[in-house]
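Undergrad: Quick one: the structure is below, questions incoming.
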Amino acid sequence: MDKTITLYHHILVPLDGSELAETALATAFQLAEGTGAQVTLLRVVEPLPVTIQPASYHKLTEMSEREAVEYVEALREKLPKTAVTTEVKLLRGDAAETILYYADLNDVDLIVMTSHGRSGISRWYHGSVTESVLRGATCATLVLRQQPVTVPEPVLAA
């Protein structure tokens, strides 16, 4: 008799192409291994926030999408070899809205993501996809915060 407790069936890990975002993978895979959940890695390509000539806009958009595809393919090669069912999705749209839409549409039980931990004016200027997802998610959301590494200074005896 299988005594595995299934808390989650579908875990979503949004990725923005940064190493920080990828740090959520270890936690997501550990949770998936323990619960038998499927993991979906989601890379959202956001529209360019500038108004330029249509031909240039199209070319820059294609380049951005190509880079996202290359990132996802390279990431797929780096994934740990486990029994966890994993799929990779690449979608276009506003990052937070697309993450929330995908989670709702695909019965995601848990979103695992990271946060840069910005505050004040930096948070206002850069916005916070994580904060928007936290406010709008209808499922559990686990946010892993970037932890600064501090090296203790030696205490010198006088």
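Here's how to read the names in the structure tokens: chain A, B, ... by the order shown, residue numbers from 1 in each chain, ligand numbers from 1 in the order shown.
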I want to know what sits within 10 Å of Val45 of chain A, based on only C-alpha atoms, with residues of the same chain fewer than 4 positions away left out; could you give that as a ChimeraX atom specification?
TA: /A:16,61,64-69,90-95,98
Undergrad: How would the residues just picked look written out with N, CA and C atoms as a PDB file, in the first residue's frame?
TA:
```
ATOM      1  N   ASP A  16      12.318  33.675 -15.085  1.00  0.00           N
ATOM      2  CA  ASP A  16      12.523  34.879 -15.897  1.00  0.00           C
ATOM      3  C   ASP A  16      13.872  34.876 -16.603  1.00  0.00           C
ATOM      4  N   THR A  61      11.022  41.544 -30.940  1.00  0.00           N
ATOM      5  CA  THR A  61      10.152  40.560 -30.300  1.00  0.00           C
ATOM      6  C   THR A  61      10.576  39.147 -30.679  1.00  0.00           C
ATOM      7  N   SER A  64      13.717  38.276 -28.793  1.00  0.00           N
ATOM      8  CA  SER A  64      13.412  38.005 -27.394  1.00  0.00           C
ATOM      9  C   SER A  64      12.814  36.605 -27.232  1.00  0.00           C
ATOM     10  N   GLU A  65      11.905  36.239 -28.119  1.00  0.00           N
ATOM     11  CA  GLU A  65      11.297  34.906 -28.064  1.00  0.00           C
ATOM     12  C   GLU A  65      12.320  33.812 -28.366  1.00  0.00           C
ATOM     13  N   ARG A  66      13.203  34.061 -29.317  1.00  0.00           N
ATOM     14  CA  ARG A  66      14.245  33.082 -29.644  1.00  0.00           C
ATOM     15  C   ARG A  66      15.163  32.856 -28.435  1.00  0.00           C
ATOM     16  N   GLU A  67      15.539  33.949 -27.766  1.00  0.00           N
ATOM     17  CA  GLU A  67      16.379  33.823 -26.567  1.00  0.00           C
ATOM     18  C   GLU A  67      15.660  33.029 -25.483  1.00  0.00           C
ATOM     19  N   ALA A  68      14.363  33.250 -25.329  1.00  0.00           N
ATOM     20  CA  ALA A  68      13.579  32.513 -24.327  1.00  0.00           C
ATOM     21  C   ALA A  68      13.529  31.025 -24.657  1.00  0.00           C
ATOM     22  N   VAL A  69      13.344  30.694 -25.929  1.00  0.00           N
ATOM     23  CA  VAL A  69      13.332  29.289 -26.345  1.00  0.00           C
ATOM     24  C   VAL A  69      14.683  28.645 -26.072  1.00  0.00           C
ATOM     25  N   LEU A  90       6.322  27.946 -22.654  1.00  0.00           N
ATOM     26  CA  LEU A  90       6.774  29.274 -23.038  1.00  0.00           C
ATOM     27  C   LEU A  90       5.551  30.031 -23.549  1.00  0.00           C
ATOM     28  N   LEU A  91       5.192  31.134 -22.860  1.00  0.00           N
ATOM     29  CA  LEU A  91       4.005  31.903 -23.218  1.00  0.00           C
ATOM     30  C   LEU A  91       4.356  33.375 -23.381  1.00  0.00           C
ATOM     31  N   ARG A  92       3.509  34.108 -24.092  1.00  0.00           N
ATOM     32  CA  ARG A  92       3.670  35.550 -24.275  1.00  0.00           C
ATOM     33  C   ARG A  92       2.647  36.292 -23.431  1.00  0.00           C
ATOM     34  N   GLY A  93       3.062  37.429 -22.888  1.00  0.00           N
ATOM     35  CA  GLY A  93       2.120  38.278 -22.159  1.00  0.00           C
ATOM     36  C   GLY A  93       2.773  38.970 -20.987  1.00  0.00           C
ATOM     37  N   ASP A  94       1.972  39.676 -20.235  1.00  0.00           N
ATOM     38  CA  ASP A  94       2.432  40.290 -18.996  1.00  0.00           C
ATOM     39  C   ASP A  94       2.793  39.162 -18.028  1.00  0.00           C
ATOM     40  N   ALA A  95       3.959  39.247 -17.403  1.00  0.00           N
ATOM     41  CA  ALA A  95       4.449  38.134 -16.583  1.00  0.00           C
ATOM     42  C   ALA A  95       3.466  37.719 -15.495  1.00  0.00           C
ATOM     43  N   THR A  98       0.063  36.427 -16.851  1.00  0.00           N
ATOM     44  CA  THR A  98       0.204  35.143 -17.541  1.00  0.00           C
ATOM     45  C   THR A  98       0.424  34.012 -16.551  1.00  0.00           C
TER      46      THR A  98
END
```
Undergrad: Name the residues in contact with Leu100 of chain A at a cut-off of 8 Å, using only C-alpha atoms, excluding same-chain residues fewer than 5 positions from it; report them as an mmCIF file with N, CA and C atoms, in the first residue's frame.
TA:
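Result file is around39.cif:
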```cif
data_model
loop_
_atom_site.group_PDB
_atom_site.id
_atom_site.type_symbol
_atom_site.label_atom_id
_atom_site.label_comp_id
_atom_site.auth_asym_id
_atom_site.auth_seq_id
_atom_site.Cartn_x
_atom_site.Cartn_y
_atom_site.Cartn_z
ATOM 1 N N VAL A 133 1.677 38.255 -8.154
ATOM 2 C CA VAL A 133 1.260 36.851 -8.111
ATOM 3 C C VAL A 133 0.731 36.513 -6.721
ATOM 4 N N GLY A 136 -2.759 37.898 -6.386
ATOM 5 C CA GLY A 136 -3.778 37.395 -7.280
ATOM 6 C C GLY A 136 -3.944 35.890 -7.332
ATOM 7 N N ALA A 137 -3.026 35.147 -6.747
ATOM 8 C CA ALA A 137 -3.075 33.688 -6.858
ATOM 9 C C ALA A 137 -4.246 33.099 -6.079
#
```
Undergrad: Based on DSSP run over this structure's backbone, return all residues of segment 15-155 of chain A in alpha helix (DSSP H), as a ChimeraX atom specification.
TA: /A:19-22,24-35,54-78,95-105,120-126,129-136
Undergrad: Please report, as a PyMOL selection string, each residue of segment 45-129 of chain A to which DSSP assigns strand (DSSP E or B) when run on this structure's backbone.
TA: chain A and resi 45+86-92+110-115
Undergrad: Env of segment 103-114 of chain A: 9 Å cut, atoms = only C-alpha atoms, seq-sep filter 4 positions within chain, self excluded. Answer as number ranges by chain.
TA: A: 7-15, 20-25, 27-28, 98-99, 130, 133, 137-146
